[in-house]
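Colleague: My questions will all concern the structure given below.
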Amino acid sequence: MKGLTKTAGQAAGRTVSQRRLKVLLERYRLACAVQRALLNLSELASTLSDMSEFYPAIHSLLNDYLPADNFYVVLTDHDSGEISLEYFADEKDQLNVADLSPADFATGLTGYVVRSRQPLLCDEQRFAELIAQGEIQSQGTPSHHWLGVPLCRGQQLIGVMAVQVYDNSYNYQQRDVDLLEAIAGHTVTAIDRVKSRELLELTVRERTKQLQNINQSLQREIRERSNAEKLQAALYKISELTATNADMQGFYREVHKILSGLMKVDNCYIALLDESGKTLSFPFYLDQYSPPAQERPLRKGFTEYVLRVGEARLINRELSELLVAQGEVLRLVSDPDQQVPLSTSWLGAPLLIDQQALGVIAVQSYDEAYLYSENELNILRFVSQHIAVAIQRKLNAEQQKQHQEELERKIFERTRELRQTNLFLRLQVEERKKIEEKLFHEANHDTLTGLANRQLFMQHLKQQFTLRGREPELRFALLFIDLDRFKLINDTMGHHAGDCFLVEVSQRLLRTVREHDLVARLGGDEFVVLLTQLTCDTDAEEVADRIIEAVRAPMLLQEQQVHSGASIGIACYKPDYKNADALLRDADAAMYQAKAMGRNRFVIFTSTMRMQLLQELSMEQALHQALADKQFEIAFDPIVCAEKQHLLGFESNIQWVHPDLGLQQNFSHQAEQAGVLAQIELQILQQLLQQLQQQPQPALFSLKLCQQHLINPVHFDRLHKVLLPYQSLLHRLALGFAETDLIRLGSSNLNYLQQLKRLGVRLSMEQFGVEMMPFGLLAQYPFDFVKLDPSFSRSVLRHPHKKQLLELLLNLSQNYKFRVIAAGVDDAELRQQLLELGCCYLQGQLVRNLQQAQTSVFLQQLA
């Protein structure tokens with residue numbers, strides 16, 4: 001019996017061991033499955049960057065370890081508790097994710113897991129119990145087994161992951177719960193990684209798209225500028241052709257050649273009316289299907305239609321059919337046997353002289369893929385004007401031959417000036433790009449030179465003031481440095497050479513100061529040096545001498561030797577300085593004094609300079625007070641037509657009548673520095689318009705304005721508001737802008753001139769001839785008057801080339817319908833010379849003396 005008992009005990013022990021081994025084996029298999037799943041999940045999180053790919057990949061991963069007919073993931077908002085569906089896949093319920101309501105999940109098994117924050121293994125019986133208890137509501141096809149686990153980030157619930165099966169042959173076990181919990185725990189980290197990568201890639205794509213848009217914008221701007229330059233060059237070349245005395249056939253061929261560079265003109269012709277106006281001839285005819293046209297009587301064709309309407313027309317196939325249907329045009333076929341295709345697009349412009357049509361220039365296309373546009377129509381409209389002028393000149397060729405030769409040379413000079421203007425515009429574009437790049441400079445250091453910038457420099461300077469309060473014996477000084485010839489180097493050798501120049505200067509400055517001194521670049525070619533731990537004020541002078549010698553030494557830029565210099569202002573700390581800004585201000589003032597004394601030297605700021613600055617400040621305050629008290633008045637200077645001996649109008653000059661100092665003159669510069677010149681001009685303009693409203697005589701009044709009205713949109717809006725109530729009087733008002741201001745403005749600012757013109761104001765270019773003589777602006781913008789600078793008017797007697805330029809200007813005034821006014825006419829000889837040249841509108845001391853009586857009566861009436 002003992003033997004049997006022992007044998008039975010051993011068998012029972014083996015059975016327990018086998019069961020324990022099976023449990024351990026099952027746990028080992030589960031651990032391996034979990035480990036493999038987590039490795040696969042980690043690999044997914046490392047490779048995928050799109051959540052739309054990540055969730056299907058998790059679904060596929062789960063199917064490898066347990067049945068998952070249905071799999072979905074929902075996320076919960078921590079603040080509001082709202083549920084959002086991230087992924088849904090179901091073999092039974094094929095639903096669109098967009099059609100699923102988050103509220104359905106909140107009332108079902110998913111919401112139960114969210115509320116309990118515990119895993120839920122639910123069979124059909126448990127499902128019915130939860131419905132009966134009111135914990136959940138039934139949705140969709142009932143599942144055989146449902147398993148859901150919470151997704152947690154630390155202690156925070158962020159969602160639920162759930163699977164379910166419809167097959168009765170499989171029931172989820174506790175090992176499935178453990179597996180899904182392990183996968184869910186690592187899924188949260190994987191979701192964060194994938195979403196971070198997805199957000200990063202989205203950010204990269206958006207930034208790339210922004211850069212592409214910027215690049216496309218720049219490319220479009222380059223194309224537009226290139227097309228504008230090409231068009232401008234062609235237009236001036238046509239202008240040059242009209243000034244020559246070549247035969248008309250050669251002229252027509254050259255015009256056709258120029259047009260070929262601007263648009264498709266394989267088919268082009270010019271039709272002219274005879275003296276009776278009943279017959280058309282074709283001196284130039286080029287067509288790829290038809291032979292040269294012969295002289296013929298008028299009929300109802302496109303050419304005659306343009307002659308009737310008197311305007312340029314763009315006729316496509318649809319408009320052609322409409323004109324035929326309306327009876328405006330008859331479609332004629334000269335030879336029925338000859339199959340000549342109809343044009344798909346046709347352009348025609350009348351040749352007008354004094355609103356009288358001489359003929360028509362036309363181009364046409366037979367190509368279905370090429371249709372003319374409004375741009376080509378504008379080009380043809382301009383060409384038609386010049387061809388009409390050429391025909392008129394041909395009729396008077398014998399009388400104008402010598403004049404045309406001279407005009408050809410002058411037009412060439414004007415074209416060259418236009419190229420210089422284009423070069424200036426390109427330099428402006430480059431300068432704007434540099435300004436944009438400066439916006440990205442580092443917070444405390446200059447990007448180009450590596451020196452401290454203004455912000456860091458002011459911090460150190462303020463620290464010196466703080467230390468001076470604790471250490472009364474502390475000495476320090478400030479050097480303000482401005483480089484000579486920097487602008488010349490930058491403009492002639494390019495911005496890269498200018499940057500190299502600034503870098504070299506910064507290195508030389510660092511070599512001339514001590515280790516505890518601070519060198520900074522404030523911007524442009526302005527540098528400052530903070531000298532600390534000085535034993536006496538003369539130490540600053542020694543450093544300034546070293547800097548001047550260092551900068552004066554030649555340097556090699558782009559294999560060229562360049563010389564420069566430095567103007568330095570020195571401000572030494574005194575107890576009466578209250579803040580760092582005052583010390584920097586005085587050093588800046590001393591630097592300007594050094595530049596005024598001849599440059600390449602240093603000046604130490606003194607109390608005398610401070611008194612001068614206070615006087616300038618006092619002048620600014622007086623100007624502000626004068627503006628508030630309306631102390632400015634108008635002085636009228638007559639403009640007469642010396643040829644017909646009649647008064648054209650008056651130039652309105654601004655006078656300042658100070659209540660204590662009396663009449664003040666030459667204050668415009670101080671007013672501009674104080675920022676009140678534009679407001680003063682608006683105040684005077686308001687006075688002038690009110691006087692015009694009370695003056696019935698139709699005299700013209702002009703007023704010169706500063707460039708601020710065209711640069712600053714706020715100033716222009718104020719100018720527009722002043723003018724608008726007096727729109728019926730604006731044809732008697734001419735607003736003038738200086739030539740030197742206009743040539744420095746961009747096209748966006750010059751477009752304000754067009755708005756003033758549309759308002760009814762007449763435009764005047766003042767002080768013409770001071771600098772570049774911008775003929776291109778005269779052709780591009782609608783000026784009514786061009787007023788010669790007095791120095792230019794007086795130089796006509798002494799310099800033949802000035803006389804030739806004036807003759808060119810007078811010829812252009814006939815084409816572009818503006819009047820030339822000569823200012824500064826102070827003697828009879830100059831008056832006679834200007835009249836002989838054809839300049840009859842005069843202004844000056846001689847005019848004031850001759851017109852004194854008439855002007856006095858008129859001004860009395862105006863007052």
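Labels used: A, B, ... for chains in the order of the structure tokens, numbers from 1 for residues in each chain, and numbers from 1 for ligands as shown.
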Skipping near chain neighbours, those fewer than 2 positions away, what residues fall within 8 Å of range 581-594 of chain A using only C-alpha atoms, listed as a list in words?
Modeller: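 Listing them by chain and then by number gives Leu478, Leu479, Phe480, Ile481, Asp482, Ser567, Ile568, Gly569, Ile570, Ala571, Cys572, Tyr573, Tyr577, Lys578, Asn579, Ala596, Met597, Gly598, Arg599, Asn600, Arg601, Phe602, Val603, Ile604, Phe605, Met609 and Arg610 of chain A.
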Colleague: Go ahead and save the picked residues with C-alpha atoms, as a PDB file, in the first residue's frame.
Modeller:
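Saved as part-v1.pdb:
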```
ATOM      1  CA  LEU A 478      32.404 107.710 -26.489  1.00  0.00           C
ATOM      2  CA  LEU A 479      33.729 107.904 -30.086  1.00  0.00           C
ATOM      3  CA  PHE A 480      31.189 108.233 -32.905  1.00  0.00           C
ATOM      4  CA  ILE A 481      32.788 107.272 -36.266  1.00  0.00           C
ATOM      5  CA  ASP A 482      31.483 107.913 -39.775  1.00  0.00           C
ATOM      6  CA  SER A 567      35.265 111.562 -39.226  1.00  0.00           C
ATOM      7  CA  ILE A 568      35.092 111.100 -35.439  1.00  0.00           C
ATOM      8  CA  GLY A 569      33.072 112.845 -32.781  1.00  0.00           C
ATOM      9  CA  ILE A 570      34.269 112.488 -29.166  1.00  0.00           C
ATOM     10  CA  ALA A 571      32.066 112.948 -26.111  1.00  0.00           C
ATOM     11  CA  CYS A 572      33.780 112.526 -22.727  1.00  0.00           C
ATOM     12  CA  TYR A 573      31.642 111.746 -19.698  1.00  0.00           C
ATOM     13  CA  TYR A 577      25.180 113.867 -18.232  1.00  0.00           C
ATOM     14  CA  LYS A 578      21.994 112.264 -16.957  1.00  0.00           C
ATOM     15  CA  ASN A 579      21.673 109.283 -19.310  1.00  0.00           C
ATOM     16  CA  ALA A 596      31.662 119.821 -41.872  1.00  0.00           C
ATOM     17  CA  MET A 597      35.254 120.879 -41.104  1.00  0.00           C
ATOM     18  CA  GLY A 598      36.717 118.730 -43.848  1.00  0.00           C
ATOM     19  CA  ARG A 599      36.457 115.127 -42.656  1.00  0.00           C
ATOM     20  CA  ASN A 600      39.283 112.727 -41.747  1.00  0.00           C
ATOM     21  CA  ARG A 601      39.589 114.331 -38.337  1.00  0.00           C
ATOM     22  CA  PHE A 602      38.067 114.288 -34.854  1.00  0.00           C
ATOM     23  CA  VAL A 603      36.144 116.919 -32.914  1.00  0.00           C
ATOM     24  CA  ILE A 604      35.494 116.942 -29.148  1.00  0.00           C
ATOM     25  CA  PHE A 605      32.000 117.950 -28.117  1.00  0.00           C
ATOM     26  CA  MET A 609      27.924 122.814 -29.742  1.00  0.00           C
ATOM     27  CA  ARG A 610      25.195 122.129 -27.199  1.00  0.00           C
TER      28      ARG A 610
END
```
Colleague: Please identify which residues in range 122-269 of chain A DSSP calls strand (DSSP E or B) from the backbone, and express them as a VMD selection string.
Modeller: chain A and resid 122 to 123 145 to 153 156 to 165 267 to 269
Colleague: Tell me which of A:Leu280, A:Leu347, A:Leu483, A:Leu488 sits closest to Arg313 in chain A, counting only C-alpha atoms.
Modeller: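 The shortest atom-to-atom distance to Arg313 in chain A comes from A:Leu347.
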